[in-house]
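Listing of upload.cif; format and content: mmCIF, C-alpha atoms.
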```cif
data_entry
#
loop_
_atom_site.label_atom_id
_atom_site.label_comp_id
_atom_site.auth_asym_id
_atom_site.auth_seq_id
_atom_site.Cartn_x
_atom_site.Cartn_y
_atom_site.Cartn_z
CA MET A 247 12.91 10.59 -17.70
CA GLY A 248 10.45 7.98 -16.43
CA GLY A 249 12.85 5.08 -17.01
CA VAL A 250 15.71 6.89 -15.30
CA THR A 251 13.56 7.79 -12.28
CA SER A 252 12.18 4.25 -12.05
CA SER A 253 15.74 2.91 -12.12
CA MET A 254 16.70 5.34 -9.36
CA ALA A 255 13.72 4.22 -7.27
CA ALA A 256 14.71 0.58 -7.75
CA LYS A 257 18.30 1.32 -6.69
CA PHE A 258 16.95 3.06 -3.60
CA ALA A 259 14.63 0.17 -2.80
CA PHE A 260 17.04 -2.77 -2.78
CA PHE A 261 20.16 -3.19 -0.61
CA PRO A 262 20.72 -6.93 -0.18
CA PRO A 263 23.38 -7.66 2.48
CA ASN A 264 26.69 -8.44 0.82
CA PRO A 265 27.91 -10.98 1.66
CA PRO A 266 24.72 -12.76 2.78
CA SER A 267 24.46 -13.29 6.54
CA TYR A 268 23.84 -17.05 6.22
CA LYS A 269 24.67 -20.10 4.15
CA LEU A 270 22.52 -23.00 3.02
CA ILE A 271 23.82 -26.43 3.88
CA THR A 272 22.34 -29.90 3.48
CA ASP A 273 22.33 -32.23 6.47
CA GLU A 274 23.71 -35.45 5.05
CA PRO A 275 21.96 -37.99 7.33
CA THR A 276 18.49 -36.44 6.84
CA GLY A 277 18.84 -34.55 3.56
CA LEU A 278 17.26 -31.49 5.23
CA LEU A 279 18.26 -27.97 4.28
CA LEU A 280 19.75 -26.02 7.18
CA LEU A 281 20.43 -22.35 7.72
CA SER A 282 24.03 -21.95 8.84
CA PRO A 283 25.24 -20.80 11.39
CA PHE A 284 21.94 -21.37 13.25
CA PRO A 285 21.36 -24.63 15.11
CA HIS A 286 18.71 -26.94 13.75
CA ARG A 287 15.27 -26.62 15.37
CA GLU A 288 12.64 -29.33 15.08
CA ASN A 289 9.89 -26.78 14.40
CA VAL A 290 11.79 -24.89 11.67
CA GLU A 291 11.90 -25.96 8.02
CA VAL A 292 14.17 -24.40 5.39
CA LEU A 293 12.78 -24.41 1.85
CA LYS A 294 13.64 -23.46 -1.72
CA LEU A 295 10.62 -22.18 -3.65
CA PRO A 296 10.42 -21.78 -7.44
CA THR A 297 8.76 -18.58 -8.69
CA ARG A 298 6.78 -17.87 -11.87
CA ARG A 299 9.64 -15.63 -13.06
CA GLY A 300 12.17 -18.45 -13.03
CA THR A 301 14.03 -17.63 -9.82
CA GLU A 302 14.30 -19.77 -6.69
CA VAL A 303 13.83 -18.12 -3.30
CA VAL A 304 14.84 -19.37 0.14
CA ALA A 305 12.13 -19.46 2.81
CA ILE A 306 11.77 -20.68 6.38
CA TYR A 307 8.61 -22.04 8.00
CA ILE A 308 8.28 -21.94 11.79
CA ARG A 309 5.55 -24.03 13.44
CA HIS A 310 3.82 -23.19 16.69
CA PRO A 311 1.83 -25.99 18.38
CA LEU A 312 -1.03 -23.67 19.43
CA ALA A 313 -1.21 -21.55 16.26
CA THR A 314 -4.56 -20.73 14.70
CA CYS A 315 -3.12 -18.45 12.02
CA THR A 316 0.06 -17.99 9.97
CA LEU A 317 2.13 -14.83 9.54
CA LEU A 318 3.67 -14.35 6.07
CA TYR A 319 6.49 -11.87 6.65
CA SER A 320 8.09 -9.70 3.91
CA HIS A 321 11.23 -8.10 5.36
CA GLY A 322 12.87 -4.72 4.74
CA ASN A 323 15.20 -3.69 1.94
CA ALA A 324 18.55 -4.14 3.73
CA ALA A 325 18.01 -7.46 5.53
CA ASP A 326 18.01 -11.17 4.75
CA LEU A 327 16.76 -14.31 6.49
CA GLY A 328 19.91 -14.68 8.58
CA GLN A 329 19.39 -11.24 10.12
CA MET A 330 15.66 -11.83 10.62
CA TYR A 331 15.90 -15.40 11.97
CA GLU A 332 15.91 -14.68 15.72
CA LEU A 333 13.12 -12.10 15.41
CA PHE A 334 11.01 -14.63 13.49
CA ILE A 335 11.47 -17.19 16.27
CA GLU A 336 10.47 -14.61 18.90
CA LEU A 337 7.40 -13.45 16.96
CA SER A 338 6.21 -17.03 16.53
CA ILE A 339 6.56 -17.68 20.26
CA HIS A 340 5.00 -14.44 21.56
CA LEU A 341 2.16 -14.22 19.03
CA ARG A 342 1.51 -17.98 18.98
CA VAL A 343 1.49 -18.10 15.19
CA ASN A 344 3.09 -20.15 12.49
CA LEU A 345 5.44 -17.91 10.54
CA MET A 346 6.86 -18.00 7.04
CA GLY A 347 9.64 -15.62 6.05
CA TYR A 348 11.39 -15.54 2.70
CA ASP A 349 14.24 -13.79 0.91
CA TYR A 350 13.51 -11.78 -2.23
CA SER A 351 15.18 -12.75 -5.48
CA GLY A 352 18.81 -11.58 -5.26
CA TYR A 353 18.76 -11.58 -1.44
CA GLY A 354 20.58 -14.04 0.80
CA GLN A 355 20.84 -17.37 -1.03
CA SER A 356 17.89 -16.71 -3.35
CA SER A 357 18.75 -16.70 -7.05
CA GLY A 358 18.07 -13.93 -9.56
CA LYS A 359 18.05 -10.18 -9.15
CA ALA A 360 15.97 -7.92 -6.93
CA SER A 361 13.21 -6.02 -8.73
CA GLU A 362 9.65 -4.89 -8.04
CA GLN A 363 8.10 -7.53 -10.30
CA ASN A 364 10.32 -10.27 -8.88
CA THR A 365 9.20 -9.46 -5.32
CA TYR A 366 5.57 -9.88 -6.43
CA ALA A 367 6.43 -13.32 -7.81
CA ASP A 368 8.43 -14.13 -4.65
CA ILE A 369 5.55 -13.50 -2.24
CA GLU A 370 3.18 -15.42 -4.52
CA ALA A 371 5.52 -18.43 -4.34
CA ALA A 372 5.54 -18.22 -0.52
CA TYR A 373 1.75 -17.92 -0.40
CA LYS A 374 1.33 -20.85 -2.80
CA CYS A 375 3.63 -22.96 -0.59
CA LEU A 376 1.50 -22.19 2.47
CA GLU A 377 -1.63 -23.28 0.63
CA GLU A 378 -0.28 -26.38 -1.10
CA SER A 379 2.36 -27.71 1.29
CA TYR A 380 0.87 -26.74 4.66
CA GLY A 381 -2.85 -26.60 3.87
CA THR A 382 -3.14 -23.03 5.13
CA LYS A 383 -6.38 -21.29 4.20
CA GLN A 384 -6.48 -17.71 2.98
CA GLU A 385 -8.65 -16.66 5.92
CA ASP A 386 -5.97 -17.93 8.34
CA ILE A 387 -3.14 -15.83 6.90
CA ILE A 388 -1.87 -12.49 8.21
CA LEU A 389 0.39 -10.67 5.75
CA TYR A 390 3.18 -8.64 7.38
CA GLY A 391 5.20 -6.13 5.34
CA GLN A 392 8.13 -4.13 6.68
CA SER A 393 9.37 -1.03 4.83
CA VAL A 394 9.84 -2.05 1.17
CA GLY A 395 8.11 -5.32 2.11
CA SER A 396 4.88 -3.32 2.32
CA GLY A 397 5.00 -3.31 -1.51
CA PRO A 398 4.63 -7.05 -2.19
CA THR A 399 2.41 -7.36 0.90
CA LEU A 400 -0.20 -4.86 -0.34
CA ASP A 401 0.03 -6.09 -3.93
CA LEU A 402 -0.97 -9.58 -2.74
CA ALA A 403 -3.46 -8.35 -0.12
CA ALA A 404 -5.37 -6.35 -2.73
CA ARG A 405 -5.99 -9.62 -4.63
CA LEU A 406 -6.99 -11.80 -1.65
CA PRO A 407 -10.47 -10.79 -0.42
CA GLN A 408 -10.65 -13.27 2.50
CA LEU A 409 -7.35 -12.58 4.28
CA ARG A 410 -7.32 -12.64 8.07
CA ALA A 411 -5.42 -9.34 8.41
CA VAL A 412 -2.49 -7.17 7.26
CA VAL A 413 0.32 -5.57 9.28
CA LEU A 414 2.33 -2.70 7.75
CA HIS A 415 5.57 -1.86 9.57
CA SER A 416 7.18 1.48 8.58
CA PRO A 417 5.40 1.28 5.19
CA ILE A 418 5.91 3.48 2.12
CA LEU A 419 3.27 5.31 0.08
CA SER A 420 5.31 4.49 -3.04
CA GLY A 421 8.96 4.27 -4.03
CA LEU A 422 9.02 7.69 -5.65
CA ARG A 423 7.29 9.39 -2.72
CA VAL A 424 10.13 8.33 -0.41
CA MET A 425 12.54 10.40 -2.52
CA TYR A 426 10.38 13.25 -3.84
CA PRO A 427 7.27 15.04 -2.48
CA VAL A 428 5.17 14.19 -5.55
CA LYS A 429 1.42 14.70 -5.34
CA ARG A 430 0.30 12.22 -7.98
CA THR A 431 1.12 8.66 -9.05
CA TYR A 432 3.31 8.36 -12.14
CA TRP A 433 3.41 5.30 -14.39
CA PHE A 434 7.11 4.75 -13.70
CA ASP A 435 6.72 4.75 -9.89
CA ILE A 436 7.26 1.49 -7.98
CA TYR A 437 5.26 -0.08 -5.14
CA LYS A 438 2.20 2.15 -5.55
CA ASN A 439 0.82 1.29 -2.12
CA ILE A 440 -1.23 4.49 -1.99
CA ASP A 441 -3.39 3.16 -4.85
CA LYS A 442 -3.63 -0.44 -3.57
CA ILE A 443 -4.49 -0.06 0.11
CA PRO A 444 -8.10 1.04 -0.55
CA LEU A 445 -8.60 -2.39 -2.20
CA VAL A 446 -7.70 -4.34 0.97
CA ASN A 447 -10.82 -5.74 2.67
CA CYS A 448 -9.43 -7.05 5.98
CA PRO A 449 -8.32 -5.29 9.20
CA VAL A 450 -5.04 -3.37 8.74
CA LEU A 451 -2.61 -2.49 11.53
CA ILE A 452 0.01 0.18 10.78
CA ILE A 453 3.12 0.63 12.94
CA HIS A 454 5.46 3.58 12.36
CA GLY A 455 8.09 5.47 14.31
CA THR A 456 7.51 9.20 14.72
CA ALA A 457 11.25 9.91 14.29
CA ASP A 458 11.71 7.76 11.17
CA GLU A 459 14.42 9.42 9.06
CA VAL A 460 14.19 6.97 6.14
CA VAL A 461 10.43 6.82 5.53
CA ASP A 462 8.64 9.72 7.15
CA CYS A 463 5.81 8.86 9.55
CA SER A 464 3.41 10.74 7.25
CA HIS A 465 3.57 7.72 4.90
CA GLY A 466 2.10 5.44 7.56
CA LYS A 467 -0.50 8.00 8.62
CA GLN A 468 -1.75 8.61 5.09
CA LEU A 469 -1.98 4.88 4.39
CA TRP A 470 -3.98 4.49 7.62
CA GLU A 471 -6.41 7.17 6.47
CA LEU A 472 -6.99 5.21 3.25
CA CYS A 473 -7.68 1.84 4.93
CA LYS A 474 -11.16 0.36 4.56
CA GLU A 475 -11.04 -1.45 7.89
CA LYS A 476 -8.80 0.52 10.23
CA TYR A 477 -7.30 -1.00 13.35
CA GLU A 478 -5.87 1.20 16.10
CA PRO A 479 -2.42 2.17 14.73
CA LEU A 480 0.81 2.30 16.70
CA TRP A 481 2.78 5.54 16.29
CA LEU A 482 5.90 4.83 18.34
CA LYS A 483 7.14 8.08 19.82
CA GLY A 484 10.84 8.54 19.02
CA GLY A 485 10.95 5.31 16.99
CA ASN A 486 13.23 5.26 13.95
CA HIS A 487 13.12 3.07 10.85
CA CYS A 488 14.95 -0.01 12.14
CA ASP A 489 14.40 -0.12 15.89
CA LEU A 490 10.66 -0.49 16.47
CA GLU A 491 10.98 -4.11 17.63
CA LEU A 492 12.94 -2.85 20.66
CA TYR A 493 9.93 -0.98 22.08
CA PRO A 494 7.80 -2.95 24.57
CA GLU A 495 4.67 -1.45 23.00
CA TYR A 496 5.55 -3.13 19.69
CA ILE A 497 5.02 -6.75 20.78
CA ARG A 498 2.20 -5.76 23.16
CA HIS A 499 0.21 -4.09 20.37
CA LEU A 500 0.89 -6.93 17.94
CA LYS A 501 -0.38 -9.47 20.48
CA LYS A 502 -3.56 -7.47 20.98
CA PHE A 503 -4.06 -7.26 17.22
CA THR A 504 -3.55 -10.96 16.53
CA SER A 505 -5.84 -11.80 19.44
CA THR A 506 -8.55 -9.54 18.00
CA VAL A 507 -8.37 -10.87 14.45
CA GLU A 508 -8.50 -14.47 15.69
CA LYS A 509 -12.20 -13.84 16.34
CA SER A 510 -14.79 -14.41 13.63
CA PRO A 511 -15.80 -11.32 11.59
CA SER A 512 -19.12 -11.04 13.48
CA GLN A 513 -17.29 -11.15 16.81
CA ARG A 514 -14.83 -8.52 15.58
CA TYR A 515 -17.62 -6.16 14.55
CA SER A 516 -19.36 -6.67 17.89
CA SER A 517 -16.08 -5.92 19.67
CA ARG A 518 -15.59 -2.84 17.50
CA ARG A 519 -19.03 -1.48 18.46
CA SER A 520 -18.36 -2.00 22.15
CA THR A 521 -14.75 -0.82 22.36
CA ASP A 522 -14.30 1.36 19.25
CA GLN A 523 -11.11 -0.61 18.67
CA PHE A 524 -11.16 -0.03 14.93
CA GLU A 525 -11.93 3.67 15.19
CA GLN A 526 -9.76 6.69 15.89
CA PRO A 527 -6.67 5.84 17.99
CA ARG A 528 -6.76 6.67 21.67
CA LYS A 529 -4.51 9.47 22.84
CA SER A 530 -1.58 8.19 24.86
CA THR A 531 1.42 10.25 25.80
CA ASP A 532 3.82 7.31 25.97
CA VAL A 533 2.85 5.50 22.77
CA TYR A 534 1.06 7.85 20.42
CA GLU A 535 1.42 11.49 19.54
CA VAL A 536 -0.47 14.01 17.48
CA SER A 537 0.54 14.02 13.83
CA ARG A 538 3.64 16.18 13.58
CA LYS A 539 4.55 18.38 10.68
CA SER A 540 6.61 16.61 8.06
CA THR A 541 10.17 17.92 8.22
CA ASP A 542 10.97 17.07 4.62
CA ARG A 543 7.90 18.87 3.27
CA ARG A 544 6.15 15.80 1.92
CA GLU A 545 2.51 16.34 1.14
CA LYS A 546 0.20 16.04 4.14
CA PRO A 547 -2.68 13.60 3.74
CA LYS A 548 -5.47 16.06 4.43
CA LYS A 549 -4.16 18.75 2.08
CA SER A 550 -3.38 16.56 -0.89
CA THR A 551 -6.08 16.72 -3.52
CA THR A 552 -4.44 14.57 -6.16
CA ASP A 553 -3.75 11.69 -3.80
CA ARG A 554 -7.31 11.53 -2.50
CA PRO A 555 -9.47 8.67 -3.73
CA GLU A 556 -11.86 9.50 -6.56
CA LYS A 557 -14.74 9.00 -4.14
CA LEU A 558 -13.66 12.04 -2.13
CA LYS A 559 -13.41 14.14 -5.27
CA ASN A 560 -16.96 13.13 -6.15
CA GLN A 561 -18.08 14.19 -2.71
CA PHE A 562 -16.67 17.66 -3.30
CA ILE A 563 -18.41 17.82 -6.69
CA SER A 564 -21.69 16.81 -5.04
CA ALA A 565 -21.19 19.49 -2.41
CA ASP A 566 -20.87 22.15 -5.14
CA LYS A 567 -24.10 20.93 -6.74
CA LEU A 568 -25.87 20.99 -3.41
CA GLU A 569 -24.68 24.55 -2.79
CA LYS A 570 -26.03 25.66 -6.18
CA LEU A 571 -29.31 23.89 -5.48
CA LYS A 572 -29.50 25.57 -2.08
CA VAL A 573 -29.00 29.02 -3.68
CA SER A 574 -31.70 28.21 -6.23
CA LEU A 575 -34.13 27.10 -3.51
CA ASP A 576 -33.41 30.22 -1.45
CA HIS A 577 -34.19 32.34 -4.49
CA MET A 578 -37.47 30.47 -5.07
CA ASP A 579 -38.36 30.88 -1.40
CA ARG A 580 -37.74 34.61 -1.53
CA SER A 581 -39.87 34.86 -4.67
CA ARG A 582 -42.68 32.91 -3.02
CA ARG A 583 -42.56 35.18 0.02
CA SER A 584 -42.73 38.23 -2.27
CA VAL A 585 -45.81 36.81 -4.02
CA ASP A 586 -47.42 36.05 -0.66
CA CYS A 587 -46.75 39.59 0.46
CA HIS A 588 -48.39 41.03 -2.69
CA GLU A 589 -51.32 38.66 -2.20
CA LYS A 590 -51.80 39.87 1.37
CA SER A 591 -51.60 43.52 0.22
CA ARG A 592 -54.20 42.87 -2.48
CA LYS A 593 -56.55 41.22 0.03
CA SER A 594 -56.11 44.16 2.41
CA VAL A 595 -57.02 46.67 -0.33
CA ASP A 596 -60.06 44.58 -1.34
CA HIS A 597 -61.18 44.48 2.30
CA GLN A 598 -60.85 48.25 2.66
CA LEU A 599 -62.80 48.87 -0.57
CA ASP A 600 -65.53 46.53 0.58
CA ARG A 601 -65.87 48.41 3.89
CA ALA A 602 -66.02 51.73 2.03
CA ARG A 603 -68.72 50.37 -0.30
CA LYS A 604 -70.84 49.19 2.64
CA SER A 605 -70.45 52.61 4.31
CA VAL A 606 -71.72 54.36 1.13
CA ASP A 607 -74.67 51.94 0.96
CA ARG A 608 -75.66 52.88 4.54
CA LEU A 609 -75.53 56.59 3.70
CA ASP A 610 -77.74 55.98 0.68
CA ARG A 611 -80.28 54.17 2.84
CA ILE A 612 -80.27 57.00 5.41
CA ARG A 613 -80.86 59.63 2.72
CA SER A 614 -83.65 57.63 1.10
CA GLY A 615 -85.35 57.14 4.51
#
```

As structure tokens, please, write out the structure in this file.
Amino acid sequence: MGGVTSSMAAKFAFFPPNPPSYKLITDEPTGLLLLSPFPHRENVEVLKLPTRRGTEVVAIYIRHPLATCTLLYSHGNAADLGQMYELFIELSIHLRVNLMGYDYSGYGQSSGKASEQNTYADIEAAYKCLEESYGTKQEDIILYGQSVGSGPTLDLAARLPQLRAVVLHSPILSGLRVMYPVKRTYWFDIYKNIDKIPLVNCPVLIIHGTADEVVDCSHGKQLWELCKEKYEPLWLKGGNHCDLELYPEYIRHLKKFTSTVEKSPSQRYSSRRSTDQFEQPRKSTDVYEVSRKSTDRREKPKKSTTDRPEKLKNQFISADKLEKLKVSLDHMDRSRRSVDCHEKSRKSVDHQLDRARKSVDRLDRIRSG
């Protein structure tokens, strides 16, 4: 059962464009790899990267002259570099970042076959290239994962404690949860983002459309609840799964985020105290909306007990113990009050007896006189 379900999840997860939307050609005079049919740009490099699983993935690196950080972008499950190329150029320009995008094994002109484990090796190869070929430091990298790309993004982010930031665009809780409203993580599930996001130590921005018919918006909202360092999320009202880039708020919010995380950690924390930027999202009728009920009856974050972190369960256990302790203390208090009451009664009786004894003594003295 597990193997069959895992295979179904994998089939759901990967839809490489067929045929690929681009070709790789070598420029004879320079020996440079080019992405056809796109014209050559001086600030764009096309690369082939070997992975630890024996495949070779195609990647592009876009330089920006004023960049202080680099975006490592993992695209969605039905796209390749040719379809993402123009967006990558625009993101690099508007956000003033260097950008590396890559095709998963089995996508575009990358060799091999698409699988969960291969995508983990693919993003590692891209990250290694940034470090070794471009001298990019971990603290200068923003990981960006779209849809199924949130899987390799969070897998890597959970293992890199000094990352600059993470962006999750229409992310999934896990592969199985996209198909079925399961309330626990099974061993055969894929991309178990729900279990990995609490391990991410850097600021996380989540962007999700409220009308997403592929991955319900509840996925993004539950992941946001589980973030250690929350950044103001962007719930795009009416946004679907593949059109969020068309909303003006999308690039505006991304620019604000990259500008914020460019600051040092101490500056970020100071900014957070003064503006509450990392706290609960502001209410805005044109960008955000109150969490709507899930139409496909997926579990809601606040009602799920099995998907809560163990820490929350422990808090409930502690609450039970405190309640029992409170009952015990109330009982002791009532007992103490009862003893005090008896003590007061006893003192009152003693006082009355003493007065009676003194009265008798006076009578005796009168009689004897």

For Tyr426 of chain A, the nearest of the candidates A:Leu278, A:Val461, A:Ile453, A:Ile388, counting only C-alpha atoms =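 Counting only C-alpha atoms, the residue closest to Tyr426 of chain A is A:Val461.
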
ask   = Given the choices A:Phe260, A:Tyr380, A:Tyr437, A:Tyr319, which gets closest to Leu333 of chain A if the distance is worked out from all atoms listed in the file?
value =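 That would be A:Tyr319, the residue with the smallest distance to Leu333 of chain A.
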
ask   = How would you write, as a PyMOL selection string, the residues chosen by the PyMOL selection byres ((chain A and resi 263) around 7) on this structure?
value = chain A and resi 261-262+264-266+324-326

note = From the list A:Ala372, A:Ile387, A:Ile271, A:Leu492, the nearest residue to Thr504 of chain A using only C-alpha atoms is A:Ile387

request  = Please write the residues picked by the PyMOL selection byres ((chain A and resi 355) around 12) on this file as a ChimeraX atom specification.
outcome  = /A:262-271,280-282,292-295,301-305,326-328,348-354,356-359

message = Quick check, in Å to one decimal: how far apart do atom CA of Phe503 of chain A and atom CA of Thr316 of chain A lie?
response =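 Computing it gives 13.6 Å between the two atoms.
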
key: Minimum-distance residue to Ala457 of chain A, chosen among A:Gly391, A:Gly484, A:Pro285, A:Pro398 (using only C-alpha atoms)   = A:Gly484

Result set of the PyMOL selection byres ((chain A and resi 288) around 12) on the coordinates above, as a ChimeraX atom specification = /A:278,280,285-287,289-292,307-311

Residues from last step as file, C-alpha atoms, as a PDB file, in the frame of the given file:
```
ATOM      1  CA  LEU A 278      17.260 -31.490   5.230  1.00  0.00           C
ATOM      2  CA  LEU A 280      19.750 -26.020   7.180  1.00  0.00           C
ATOM      3  CA  PRO A 285      21.360 -24.630  15.110  1.00  0.00           C
ATOM      4  CA  HIS A 286      18.710 -26.940  13.750  1.00  0.00           C
ATOM      5  CA  ARG A 287      15.270 -26.620  15.370  1.00  0.00           C
ATOM      6  CA  ASN A 289       9.890 -26.780  14.400  1.00  0.00           C
ATOM      7  CA  VAL A 290      11.790 -24.890  11.670  1.00  0.00           C
ATOM      8  CA  GLU A 291      11.900 -25.960   8.020  1.00  0.00           C
ATOM      9  CA  VAL A 292      14.170 -24.400   5.390  1.00  0.00           C
ATOM     10  CA  TYR A 307       8.610 -22.040   8.000  1.00  0.00           C
ATOM     11  CA  ILE A 308       8.280 -21.940  11.790  1.00  0.00           C
ATOM     12  CA  ARG A 309       5.550 -24.030  13.440  1.00  0.00           C
ATOM     13  CA  HIS A 310       3.820 -23.190  16.690  1.00  0.00           C
ATOM     14  CA  PRO A 311       1.830 -25.990  18.380  1.00  0.00           C
TER      15      PRO A 311
END
```

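Relative to atom CA of Glu471 of chain A, atom CA of Lys429 of chain A is found at 16.0 Å.
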
key: atom CA of Asp386 of chain A to atom CA of Leu337 of chain A, distance in Å rounded to a single decimal   =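 Pair atom CA of Asp386 of chain A / atom CA of Leu337 of chain A returns 16.5 Å.
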
inquiry  = My list of candidates is A:Leu422, A:Leu406, A:Leu279, A:Val460. Which is closest to Lys438 of chain A when distances are computed with only C-alpha atoms?
reply    = A:Leu422

Write only all heavy atoms for segment 402-409 of chain A from the block just shown, as a short mmCIF file (atom, residue, chain, number, x, y, z; two decimals), in the first residue's frame.
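As a result, result_8.cif now contains:
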```cif
data_model
loop_
_atom_site.label_atom_id
_atom_site.label_comp_id
_atom_site.auth_asym_id
_atom_site.auth_seq_id
_atom_site.Cartn_x
_atom_site.Cartn_y
_atom_site.Cartn_z
N LEU A 402 16.91 21.43 2.06
CA LEU A 402 18.22 22.05 2.17
C LEU A 402 18.24 23.10 3.28
O LEU A 402 19.20 23.18 4.06
CB LEU A 402 18.60 22.70 0.83
CG LEU A 402 19.99 23.35 0.76
CD1 LEU A 402 21.09 22.31 1.00
CD2 LEU A 402 20.20 24.03 -0.59
N ALA A 403 17.19 23.89 3.39
CA ALA A 403 17.13 24.97 4.40
C ALA A 403 17.23 24.41 5.81
O ALA A 403 17.84 25.04 6.69
CB ALA A 403 15.85 25.77 4.23
N ALA A 404 16.65 23.24 6.04
CA ALA A 404 16.68 22.64 7.37
C ALA A 404 18.09 22.23 7.78
O ALA A 404 18.36 22.00 8.96
CB ALA A 404 15.75 21.42 7.42
N ARG A 405 19.01 22.13 6.79
CA ARG A 405 20.39 21.70 7.07
C ARG A 405 21.39 22.85 6.98
O ARG A 405 22.59 22.62 7.12
CB ARG A 405 20.77 20.59 6.09
CG ARG A 405 19.95 19.32 6.29
CD ARG A 405 20.34 18.21 5.32
NE ARG A 405 19.75 18.39 4.00
CZ ARG A 405 20.45 18.35 2.87
NH1 ARG A 405 21.76 18.19 2.90
NH2 ARG A 405 19.84 18.49 1.72
N LEU A 406 20.91 24.07 6.72
CA LEU A 406 21.80 25.23 6.59
C LEU A 406 21.41 26.28 7.64
O LEU A 406 20.51 27.09 7.40
CB LEU A 406 21.72 25.81 5.18
CG LEU A 406 22.16 24.91 4.02
CD1 LEU A 406 21.96 25.61 2.70
CD2 LEU A 406 23.62 24.48 4.18
N PRO A 407 22.07 26.29 8.79
CA PRO A 407 21.63 27.15 9.89
C PRO A 407 21.88 28.64 9.70
O PRO A 407 21.34 29.46 10.44
CB PRO A 407 22.44 26.62 11.09
CG PRO A 407 23.66 26.01 10.47
CD PRO A 407 23.21 25.44 9.16
N GLN A 408 22.72 29.04 8.72
CA GLN A 408 23.07 30.45 8.57
C GLN A 408 22.53 31.07 7.29
O GLN A 408 23.03 32.11 6.83
CB GLN A 408 24.59 30.60 8.64
CG GLN A 408 25.15 30.19 9.98
CD GLN A 408 26.67 30.31 10.03
OE1 GLN A 408 27.31 30.56 9.01
NE2 GLN A 408 27.23 30.13 11.21
N LEU A 409 21.50 30.49 6.71
CA LEU A 409 20.89 31.05 5.50
C LEU A 409 20.39 32.46 5.72
O LEU A 409 19.98 32.82 6.83
CB LEU A 409 19.72 30.19 5.06
CG LEU A 409 19.97 28.99 4.15
CD1 LEU A 409 18.65 28.28 3.91
CD2 LEU A 409 20.60 29.40 2.84
#
```
